[in-house]
Structures are given as C-alpha cells and as structure tokens.
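Below: model_35.cif (mmCIF, C-alpha atoms)
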```cif
data_coords
loop_
_atom_site.group_PDB
_atom_site.id
_atom_site.type_symbol
_atom_site.label_atom_id
_atom_site.label_comp_id
_atom_site.auth_asym_id
_atom_site.auth_seq_id
_atom_site.Cartn_x
_atom_site.Cartn_y
_atom_site.Cartn_z
ATOM 1 C CA GLU A 1 -28.751 14.994 -16.789
ATOM 2 C CA ALA A 2 -31.137 12.697 -14.919
ATOM 3 C CA ILE A 3 -31.963 15.499 -12.479
ATOM 4 C CA ARG A 4 -32.650 17.918 -15.333
ATOM 5 C CA GLN A 5 -34.989 15.407 -16.968
ATOM 6 C CA ALA A 6 -36.809 14.877 -13.670
ATOM 7 C CA LEU A 7 -37.317 18.629 -13.308
ATOM 8 C CA ASP A 8 -38.588 18.803 -16.890
ATOM 9 C CA VAL A 9 -41.099 16.009 -16.234
ATOM 10 C CA ALA A 10 -42.310 17.828 -13.120
ATOM 11 C CA GLY A 11 -42.951 20.945 -15.180
ATOM 12 C CA TYR A 12 -40.497 23.263 -13.469
ATOM 13 C CA PRO A 13 -39.590 25.050 -16.742
ATOM 14 C CA GLU A 14 -43.271 25.872 -17.334
ATOM 15 C CA LEU A 15 -43.625 27.013 -13.722
ATOM 16 C CA ARG A 16 -40.649 29.329 -14.100
ATOM 17 C CA ARG A 17 -41.917 30.777 -17.375
ATOM 18 C CA SER A 18 -45.400 31.419 -15.980
ATOM 19 C CA VAL A 19 -43.920 33.390 -13.093
ATOM 20 C CA ALA A 20 -41.156 35.163 -15.029
ATOM 21 C CA SER A 21 -43.613 36.468 -17.646
ATOM 22 C CA LEU A 22 -45.257 38.708 -15.040
ATOM 23 C CA SER A 23 -43.624 41.882 -13.744
ATOM 24 C CA ASP A 24 -45.824 42.565 -10.724
ATOM 25 C CA ARG A 25 -44.734 40.676 -7.601
ATOM 26 C CA ARG A 26 -48.276 40.095 -6.433
ATOM 27 C CA SER A 27 -49.180 38.695 -9.832
ATOM 28 C CA GLN A 28 -46.059 36.502 -9.762
ATOM 29 C CA PHE A 29 -47.026 35.077 -6.374
ATOM 30 C CA THR A 30 -50.587 34.413 -7.557
ATOM 31 C CA ALA A 31 -49.322 32.707 -10.716
ATOM 32 C CA PHE A 32 -46.857 30.650 -8.686
ATOM 33 C CA ARG A 33 -49.557 29.537 -6.229
ATOM 34 C CA ARG A 34 -51.889 28.476 -9.042
ATOM 35 C CA SER A 35 -49.193 26.732 -11.075
ATOM 36 C CA PHE A 36 -47.451 24.955 -8.200
ATOM 37 C CA LYS A 37 -48.605 21.313 -8.064
ATOM 38 C CA ALA A 38 -47.994 18.305 -5.853
ATOM 39 C CA ARG A 39 -45.734 16.807 -8.502
ATOM 40 C CA HIS A 40 -43.321 19.711 -8.017
ATOM 41 C CA VAL A 41 -43.004 18.841 -4.333
ATOM 42 C CA LEU A 42 -42.620 15.116 -4.986
ATOM 43 C CA ILE A 43 -39.914 15.595 -7.601
ATOM 44 C CA MET A 44 -38.032 18.035 -5.367
ATOM 45 C CA ILE A 45 -38.156 15.582 -2.460
ATOM 46 C CA LEU A 46 -36.888 12.853 -4.789
ATOM 47 C CA VAL A 47 -34.037 15.010 -6.094
ATOM 48 C CA VAL A 48 -32.986 16.114 -2.616
ATOM 49 C CA GLY A 49 -33.279 12.521 -1.391
ATOM 50 C CA LEU A 50 -30.886 11.408 -4.118
ATOM 51 C CA LEU A 51 -28.444 14.287 -3.898
ATOM 52 C CA LEU A 52 -28.086 14.777 -0.165
ATOM 53 C CA PRO A 53 -26.861 11.243 0.707
ATOM 54 C CA ASN A 54 -24.370 11.292 -2.172
ATOM 55 C CA ILE A 55 -23.076 14.710 -1.193
ATOM 56 C CA TRP A 56 -22.772 13.628 2.434
ATOM 57 C CA ILE A 57 -20.997 10.365 1.620
ATOM 58 C CA SER A 58 -18.545 12.336 -0.535
ATOM 59 C CA ILE A 59 -17.838 14.670 2.365
ATOM 60 C CA ASP A 60 -17.484 11.647 4.659
ATOM 61 C CA ALA A 61 -15.045 9.951 2.284
ATOM 62 C CA GLY A 62 -12.958 13.111 2.078
ATOM 63 C CA ILE A 63 -12.420 13.307 5.835
ATOM 64 C CA PRO A 64 -9.512 11.135 7.100
ATOM 65 C CA GLY A 65 -10.696 8.367 9.385
ATOM 66 C CA ASN A 66 -8.546 9.531 12.268
ATOM 67 C CA THR A 67 -10.225 12.980 12.272
ATOM 68 C CA LYS A 68 -13.846 11.888 11.760
ATOM 69 C CA SER A 69 -14.668 11.961 15.476
ATOM 70 C CA ALA A 70 -13.593 15.585 15.798
ATOM 71 C CA ALA A 71 -15.507 16.514 12.633
ATOM 72 C CA GLY A 72 -18.635 14.750 13.904
ATOM 73 C CA THR A 73 -18.456 16.635 17.180
ATOM 74 C CA GLN A 74 -18.122 19.928 15.305
ATOM 75 C CA VAL A 75 -21.220 19.140 13.237
ATOM 76 C CA ALA A 76 -23.234 18.283 16.352
ATOM 77 C CA ASP A 77 -22.123 21.442 18.149
ATOM 78 C CA SER A 78 -23.192 23.578 15.187
ATOM 79 C CA LEU A 79 -26.768 22.234 15.211
ATOM 80 C CA PRO A 80 -29.622 23.392 17.448
ATOM 81 C CA SER A 81 -30.214 21.134 20.430
ATOM 82 C CA TRP A 82 -33.359 19.580 18.956
ATOM 83 C CA LEU A 83 -31.347 18.315 15.962
ATOM 84 C CA GLN A 84 -28.492 16.875 17.993
ATOM 85 C CA PRO A 85 -28.370 13.094 18.582
ATOM 86 C CA THR A 86 -30.028 11.945 21.777
ATOM 87 C CA SER A 87 -28.311 8.555 21.995
ATOM 88 C CA GLY A 88 -24.707 7.598 21.455
ATOM 89 C CA PRO A 89 -21.706 9.891 21.077
ATOM 90 C CA ALA A 90 -22.179 12.660 18.534
ATOM 91 C CA SER A 91 -18.674 12.002 17.213
ATOM 92 C CA SER A 92 -19.785 8.726 15.612
ATOM 93 C CA VAL A 93 -23.235 9.702 14.302
ATOM 94 C CA TYR A 94 -22.470 11.800 11.255
ATOM 95 C CA PHE A 95 -19.308 10.306 9.734
ATOM 96 C CA GLY A 96 -17.652 6.913 9.408
ATOM 97 C CA ALA A 97 -19.399 5.187 6.503
ATOM 98 C CA ALA A 98 -16.548 5.746 4.048
ATOM 99 C CA GLY A 99 -13.006 6.996 3.772
ATOM 100 C CA THR A 100 -9.577 5.928 4.911
ATOM 101 C CA THR A 101 -7.164 6.798 7.669
ATOM 102 C CA LEU A 102 -4.207 9.028 6.848
ATOM 103 C CA ASP A 103 -0.938 8.913 8.700
ATOM 104 C CA THR A 104 -0.330 11.648 11.217
ATOM 105 C CA PRO A 105 3.025 12.270 12.918
ATOM 106 C CA ASP A 106 1.869 10.697 16.177
ATOM 107 C CA GLN A 107 0.903 7.348 14.620
ATOM 108 C CA TYR A 108 3.419 4.562 15.120
ATOM 109 C CA ASP A 109 4.068 3.832 11.445
ATOM 110 C CA SER A 110 4.456 7.476 10.492
ATOM 111 C CA ALA A 111 6.660 8.065 13.517
ATOM 112 C CA GLY A 112 8.736 5.063 12.473
ATOM 113 C CA TYR A 113 9.284 6.411 8.965
ATOM 114 C CA ASN A 114 10.183 9.818 10.386
ATOM 115 C CA TRP A 115 12.763 8.088 12.572
ATOM 116 C CA LEU A 116 14.048 6.172 9.547
ATOM 117 C CA ALA A 117 14.485 9.417 7.604
ATOM 118 C CA GLN A 118 16.849 10.637 10.326
ATOM 119 C CA GLN A 119 19.165 7.634 9.999
ATOM 120 C CA ASP A 120 22.239 7.412 7.727
ATOM 121 C CA THR A 121 21.958 11.099 6.853
ATOM 122 C CA ALA A 122 25.633 11.255 5.875
ATOM 123 C CA LEU A 123 24.738 9.230 2.770
ATOM 124 C CA PRO A 124 22.591 10.271 -0.203
ATOM 125 C CA ALA A 125 19.100 8.771 0.097
ATOM 126 C CA ALA A 126 19.668 6.359 -2.806
ATOM 127 C CA LEU A 127 22.814 4.923 -1.170
ATOM 128 C CA ARG A 128 21.395 4.352 2.287
ATOM 129 C CA PRO A 129 20.679 0.852 3.657
ATOM 130 C CA ALA A 130 17.486 -0.578 2.210
ATOM 131 C CA PHE A 131 14.196 -1.226 3.969
ATOM 132 C CA VAL A 132 12.292 -4.498 3.559
ATOM 133 C CA SER A 133 8.597 -4.870 4.290
ATOM 134 C CA TRP A 134 5.356 -5.889 2.657
ATOM 135 C CA TRP A 135 5.473 -4.141 -0.725
ATOM 136 C CA ASP A 136 2.435 -1.940 -0.070
ATOM 137 C CA TYR A 137 4.677 0.212 2.137
ATOM 138 C CA GLY A 138 7.552 0.567 -0.328
ATOM 139 C CA PHE A 139 6.795 4.020 -1.651
ATOM 140 C CA GLN A 140 6.202 5.369 1.848
ATOM 141 C CA ALA A 141 9.596 4.053 2.947
ATOM 142 C CA ILE A 142 11.185 5.726 -0.075
ATOM 143 C CA ASP A 143 9.332 9.032 0.237
ATOM 144 C CA GLN A 144 8.794 9.545 3.948
ATOM 145 C CA GLY A 145 11.537 7.252 5.218
ATOM 146 C CA GLN A 146 14.129 8.515 2.713
ATOM 147 C CA HIS A 147 15.609 5.039 2.245
ATOM 148 C CA PRO A 148 15.576 2.566 -0.647
ATOM 149 C CA SER A 149 12.979 -0.193 -0.452
ATOM 150 C CA VAL A 150 13.477 -3.822 -1.417
ATOM 151 C CA ALA A 151 9.899 -3.953 -2.753
ATOM 152 C CA ASP A 152 7.434 -1.269 -3.764
ATOM 153 C CA ASN A 153 3.757 -0.751 -4.531
ATOM 154 C CA PHE A 154 4.270 -1.681 -8.189
ATOM 155 C CA GLN A 155 5.320 -5.129 -6.877
ATOM 156 C CA ASN A 156 8.932 -4.709 -7.889
ATOM 157 C CA GLY A 157 10.980 -6.879 -5.544
ATOM 158 C CA ILE A 158 8.032 -8.882 -4.251
ATOM 159 C CA ASP A 159 9.970 -12.157 -4.449
ATOM 160 C CA PRO A 160 12.692 -11.372 -1.877
ATOM 161 C CA ALA A 161 10.265 -9.378 0.295
ATOM 162 C CA GLY A 162 7.770 -12.239 0.357
ATOM 163 C CA GLN A 163 10.427 -14.865 1.042
ATOM 164 C CA PHE A 164 11.893 -12.756 3.842
ATOM 165 C CA LEU A 165 8.536 -12.226 5.545
ATOM 166 C CA LEU A 166 7.635 -15.918 5.244
ATOM 167 C CA ALA A 167 11.059 -17.281 6.233
ATOM 168 C CA GLN A 168 10.733 -20.138 8.711
ATOM 169 C CA ASN A 169 13.738 -19.125 10.814
ATOM 170 C CA GLU A 170 16.410 -16.470 11.177
ATOM 171 C CA SER A 171 18.973 -18.324 9.078
ATOM 172 C CA LEU A 172 16.566 -18.433 6.132
ATOM 173 C CA ALA A 173 15.648 -14.767 6.595
ATOM 174 C CA ILE A 174 19.301 -13.699 6.529
ATOM 175 C CA GLY A 175 19.847 -16.086 3.623
ATOM 176 C CA VAL A 176 17.166 -14.255 1.637
ATOM 177 C CA LEU A 177 18.923 -10.931 2.268
ATOM 178 C CA ALA A 178 22.265 -12.382 1.189
ATOM 179 C CA THR A 179 20.658 -13.941 -1.895
ATOM 180 C CA THR A 180 19.137 -10.571 -2.829
ATOM 181 C CA LEU A 181 22.564 -8.928 -2.864
ATOM 182 C CA LEU A 182 24.190 -11.870 -4.661
ATOM 183 C CA ILE A 183 21.587 -11.770 -7.440
ATOM 184 C CA ALA A 184 22.028 -7.994 -7.724
ATOM 185 C CA GLU A 185 25.809 -8.391 -7.994
ATOM 186 C CA GLN A 186 25.342 -11.060 -10.641
ATOM 187 C CA GLN A 187 23.016 -8.798 -12.633
ATOM 188 C CA LYS A 188 25.380 -5.842 -12.227
ATOM 189 C CA SER A 189 28.310 -7.772 -13.682
ATOM 190 C CA GLY A 190 26.183 -9.270 -16.455
ATOM 191 C CA LEU A 191 27.897 -12.614 -15.928
ATOM 192 C CA ALA A 192 26.424 -16.008 -15.157
ATOM 193 C CA TYR A 193 28.773 -16.366 -12.205
ATOM 194 C CA LEU A 194 29.983 -14.203 -9.360
ATOM 195 C CA PRO A 195 33.319 -12.327 -9.494
ATOM 196 C CA THR A 196 36.416 -14.339 -8.650
ATOM 197 C CA ASP A 197 37.385 -12.300 -5.582
ATOM 198 C CA LEU A 198 33.865 -12.603 -4.155
ATOM 199 C CA ASN A 199 34.008 -16.348 -4.760
ATOM 200 C CA ALA A 200 37.201 -16.503 -2.710
ATOM 201 C CA ILE A 201 35.508 -14.706 0.177
ATOM 202 C CA LEU A 202 32.481 -17.009 0.074
ATOM 203 C CA ARG A 203 34.708 -20.064 -0.122
ATOM 204 C CA SER A 204 36.590 -18.913 2.968
ATOM 205 C CA ASP A 205 33.228 -18.614 4.729
ATOM 206 C CA GLY A 206 32.729 -22.329 4.171
ATOM 207 C CA LEU A 207 30.392 -22.332 1.172
ATOM 208 C CA ASN A 208 30.408 -24.712 -1.761
ATOM 209 C CA VAL A 209 30.786 -21.983 -4.362
ATOM 210 C CA SER A 210 30.174 -24.326 -7.294
ATOM 211 C CA ARG A 211 26.802 -25.309 -5.856
ATOM 212 C CA LEU A 212 25.979 -21.662 -5.189
ATOM 213 C CA HIS A 213 26.792 -20.811 -8.816
ATOM 214 C CA THR A 214 24.496 -23.575 -10.023
ATOM 215 C CA LEU A 215 21.585 -22.195 -8.009
ATOM 216 C CA LEU A 216 22.182 -18.602 -9.106
ATOM 217 C CA ALA A 217 22.756 -19.414 -12.775
ATOM 218 C CA ASN A 218 19.547 -21.287 -13.593
ATOM 219 C CA ALA A 219 16.294 -20.160 -11.975
ATOM 220 C CA SER A 220 14.194 -22.577 -14.034
ATOM 221 C CA ALA A 221 16.247 -25.468 -12.649
ATOM 222 C CA ASP A 222 15.632 -24.068 -9.161
ATOM 223 C CA TYR A 223 11.895 -24.183 -9.910
ATOM 224 C CA THR A 224 12.114 -27.872 -10.784
ATOM 225 C CA LEU A 225 14.195 -28.539 -7.669
ATOM 226 C CA VAL A 226 11.793 -26.797 -5.292
ATOM 227 C CA VAL A 227 8.667 -28.386 -6.768
ATOM 228 C CA ALA A 228 10.244 -31.851 -6.674
ATOM 229 C CA HIS A 229 11.281 -31.646 -2.999
ATOM 230 C CA PRO A 230 8.346 -30.368 -0.907
ATOM 231 C CA ALA A 231 9.753 -32.001 2.222
ATOM 232 C CA THR A 232 12.817 -29.760 1.965
ATOM 233 C CA TYR A 233 11.391 -26.499 0.678
ATOM 234 C CA LEU A 234 7.832 -26.765 2.023
ATOM 235 C CA PRO A 235 4.918 -27.585 -0.290
ATOM 236 C CA VAL A 236 4.399 -24.975 -2.997
ATOM 237 C CA ASP A 237 1.781 -24.431 -5.683
ATOM 238 C CA PRO A 238 3.554 -25.079 -9.007
ATOM 239 C CA SER A 239 0.999 -22.941 -10.848
ATOM 240 C CA THR A 240 1.854 -19.803 -8.849
ATOM 241 C CA LEU A 241 5.534 -20.364 -8.027
ATOM 242 C CA THR A 242 7.784 -18.228 -10.217
ATOM 243 C CA ASP A 243 11.327 -19.086 -11.251
ATOM 244 C CA LEU A 244 12.685 -16.116 -9.298
ATOM 245 C CA ASN A 245 10.791 -17.142 -6.176
ATOM 246 C CA ALA A 246 12.209 -20.627 -6.545
ATOM 247 C CA GLU A 247 15.709 -19.168 -6.883
ATOM 248 C CA TYR A 248 15.328 -17.321 -3.589
ATOM 249 C CA LEU A 249 13.939 -20.431 -1.911
ATOM 250 C CA ALA A 250 16.643 -22.758 -3.186
ATOM 251 C CA THR A 251 19.542 -20.389 -2.496
ATOM 252 C CA SER A 252 18.432 -19.288 0.972
ATOM 253 C CA TYR A 253 17.837 -22.913 1.995
ATOM 254 C CA PHE A 254 21.268 -23.820 0.625
ATOM 255 C CA LEU A 255 22.893 -21.127 2.780
ATOM 256 C CA ALA A 256 20.915 -22.109 5.889
ATOM 257 C CA ASP A 257 21.664 -25.811 5.410
ATOM 258 C CA SER A 258 25.367 -25.251 4.724
ATOM 259 C CA LEU A 259 26.213 -23.057 7.707
ATOM 260 C CA PRO A 260 25.068 -22.319 11.257
ATOM 261 C CA LEU A 261 23.263 -19.052 11.930
ATOM 262 C CA SER A 262 26.531 -17.276 12.710
ATOM 263 C CA GLY A 263 27.986 -18.543 9.427
ATOM 264 C CA VAL A 264 25.015 -17.305 7.378
ATOM 265 C CA ALA A 265 25.321 -13.938 9.126
ATOM 266 C CA GLN A 266 29.030 -13.844 8.245
ATOM 267 C CA VAL A 267 28.236 -14.543 4.590
ATOM 268 C CA TYR A 268 25.728 -11.703 4.593
ATOM 269 C CA ASN A 269 28.206 -9.324 6.229
ATOM 270 C CA ASP A 270 30.891 -10.244 3.708
ATOM 271 C CA VAL A 271 28.528 -9.810 0.754
ATOM 272 C CA GLN A 272 27.488 -6.405 2.111
ATOM 273 C CA SER A 273 31.115 -5.353 2.478
ATOM 274 C CA TYR A 274 31.995 -6.530 -1.023
ATOM 275 C CA THR A 275 29.021 -5.029 -2.850
ATOM 276 C CA GLY A 276 28.635 -1.864 -0.785
ATOM 277 C CA TRP A 277 24.906 -2.575 -0.537
ATOM 278 C CA THR A 278 23.010 -3.435 2.591
ATOM 279 C CA ILE A 279 19.464 -4.242 3.678
ATOM 280 C CA ARG A 280 19.348 -3.164 7.284
ATOM 281 C CA TYR A 281 15.777 -2.125 8.100
#
```
Have the structure of the file written as structure tokens, please.
Amino acid sequence: EAIRQALDVAGYPELRRSVASLSDRRSQFTAFRRSFKARHVLIMILVVGLLLPNIWISIDAGIPGNTKSAAGTQVADSLPSWLQPTSGPASSVYFGAAGTTLDTPDQYDSAGYNWLAQQDTALPAALRPAFVSWWDYGFQAIDQGQHPSVADNFQNGIDPAGQFLLAQNESLAIGVLATTLLIAEQQKSGLAYLPTDLNAILRSDGLNVSRLHTLLANASADYTLVVAHPATYLPVDPSTLTDLNAEYLATSYFLADSLPLSGVAQVYNDVQSYTGWTIRY
C-alpha cells in the first residue's frame, strides 16, 4: 500500500494514462519523454532501495546457514567479472546476515539421532528407552531419534531434565533418573505411596522406604526442606523453585546420601526392572 501511494504521489498513473491514450508508438514515446520527470526517477530509486534489501534478506533467511557459502559462490559465478567481489571470499559476501542452520546427515547431532533411531528396533518407538537432554531437543529425539524424550520443547519434563543436567555428581544424576521413574510409578498407581512389592525391593537395596515415601508424597514439604537447608541442597532461589523441582532435589539427594554410587545404580536398575521403563540415553 505504501509503495502504491508513493507511485501515486510521483504521478505514475498520470504518466501511464498520457502514454496509453495515444496509439502511435512515436507519439507515445514523445508523450513519455515530455511527461517523464525527475520525481519519477527519485521515487523509483526509493522504491527499489526499499524493496531490494528486503527481498534479499528474505532470500538470505530462507537459505540454511550450512549451505550459504555454496549459494554465495553460485551467485558470484553467475555475475560478470566486473560485478564480482574483489576482496574476500565470494562465498561470504552475498549471504549470512540472517537465517539458521539446518541439520544435515553429516552433522554430529543429526548423525547421533540417526544412530539412536537404529537402536532398540525390536520395540515399538513409544516403548523404547527414553532420551534425556536439554528440552529444546526433545521433539528431535522423538521424531528423528525415534525414542521417547524425558523433556520436550513444550517444557514438559523440564524438572527432571534440568536436575539431571545440573547434578553435582554421578550418584545424584542416577538418583534423578530413579526419582523420575518412581514418581511415574506413583502417578500410574494413583496412590500416595509406592506398591508393596516395589517397597520390598527398595528396602532390600538398603533404603529407608518410610523416608522415601515422605519425600514422594508431599512436594510442598520438599520445597520447604530444600529452601531451609541450602548447605545440603545448594542455595536456591525460593521465588523460582517449584515444588516438583524440590521433590527431585530432595529425593535424589536422599538416594545419594543413603547409598554409595553402586547402591544408587542398583536402585535404579531395580526400579527399571519393576516398572519396565528406562532412561538410557
């Protein structure tokens, strides 16, 4: 609309009418020459100056970052020599101001997801061992990696994923994985406590099952516990700490403090065997 108004102000409609009203080509050229003014040139330069950069930046943004160099070289090769850049590589002259990089099969992350998709193929995708990472990669793990993800781009599961990535040692990291499956089992049963036969297994692993039940049954109490003991659970910001995050903190620290690394690993293995779920990647 702005471009149309600029052309109207410049008098392009009148110029067109004055030329179109004549049938003889020589008369049309004469009328065009007499009617064409400097303002027509200025407005056209202004319009082109506004349009061309926006068109070019749109093209630039549409080219994946990892193919911009090849595209830039193609542009340079298509131009006459006097329009080609005289300094610097042509591959970086024309593109690179906008856009993002897309995964290609030879990139390490894409290759990793392709490898992941080839694992556990005897199981349906939804029943395969889960993948834990920063949540921004969740959907890619599900789609390209063909495995469930602990967390996804909608920030589902960010609490266990965040606690796992920020765990201070291996015992805490494994404790977060075990806690994730324990909470899922608790939610599956709809009970405040874990099943009796699972309790027996955990008790044989050396855990205080009553204490574990207390931590799993009341996330708001876990919040109070974590905030009140920064020396144990590391300082946290009470205004951003959620009850669920506190539950993962309190429970994983309980597991790590109760057992050596091998014991925490045994608890995780037993919980995996009991529930049939596993977080392996």
How big is the axis-aligned box, and where does its centre sit, when it encloses all atoms of range 125-140 of chain A listed in the file and has 6 Å added on every side, reported in Å to one decimal as lines of an AutoDock Vina configuration file?
```
center_x = 12.6
center_y = 1.4
center_z = 0.7
size_x = 32.4
size_y = 26.7
size_z = 19.1
```
Inset, instruction - Rank nothing, just name the residue among A:Gln144, A:Thr86, A:Gln168, A:Ser81 nearest to Ala117 in chain A, using all atoms listed in the file. - result: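 Looking at the shortest contact to Ala117 in chain A, the residue is A:Gln144.
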Legend entry - Interatomic distance, CA of Ala217 in chain A to CA of Asn153 in chain A (Å, one decimal): 27.9 Å
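Residues matched by the PyMOL selection byres ((chain A and resi 161) around 7) in this file: A:Val132, A:Ser133, A:Trp134, A:Val150, A:Ala151, A:Gly157, A:Ile158, A:Asp159, A:Pro160, A:Gly162, A:Gln163, A:Phe164, A:Leu165.
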Legend entry - Close residues, Ala265 in chain A itself excluded, 12 Å, only C-alpha atoms, min 5 positions apart in chain, as number ranges by chain: A: 170-179, 202, 205, 252, 255-256, 259-260, 270-272
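Applying the 10 Å criterion to (9.1, 3.7, 10.5) in file coordinates and using all atoms listed in the file, one obtains the residues Gln107, Tyr108, Asp109, Ser110, Ala111, Gly112, Tyr113, Asn114, Trp115, Leu116, Ala117, Phe131, Gln140, Ala141, Gln144, Gly145 and Tyr281 of chain A.
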Inset, instruction - Grab the CA of Gly49 in chain A to CA of Leu79 in chain A distance for me, in Å with one decimal place. - result: 20.3 Å
Inset, instruction - Using CA of Ile55 in chain A and CA of Ala76 in chain A as the two end points, give the distance in Å to one decimal. - result: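 Atom-to-atom, CA of Ile55 in chain A to CA of Ala76 in chain A, that is 17.9 Å.
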Legend entry - All residues 10 Å or closer to Ser258 in chain A, all atoms listed in the file, same chain fewer than 5 positions away omitted, as a ChimeraX atom specification: /A:206-208,252-253,263-264
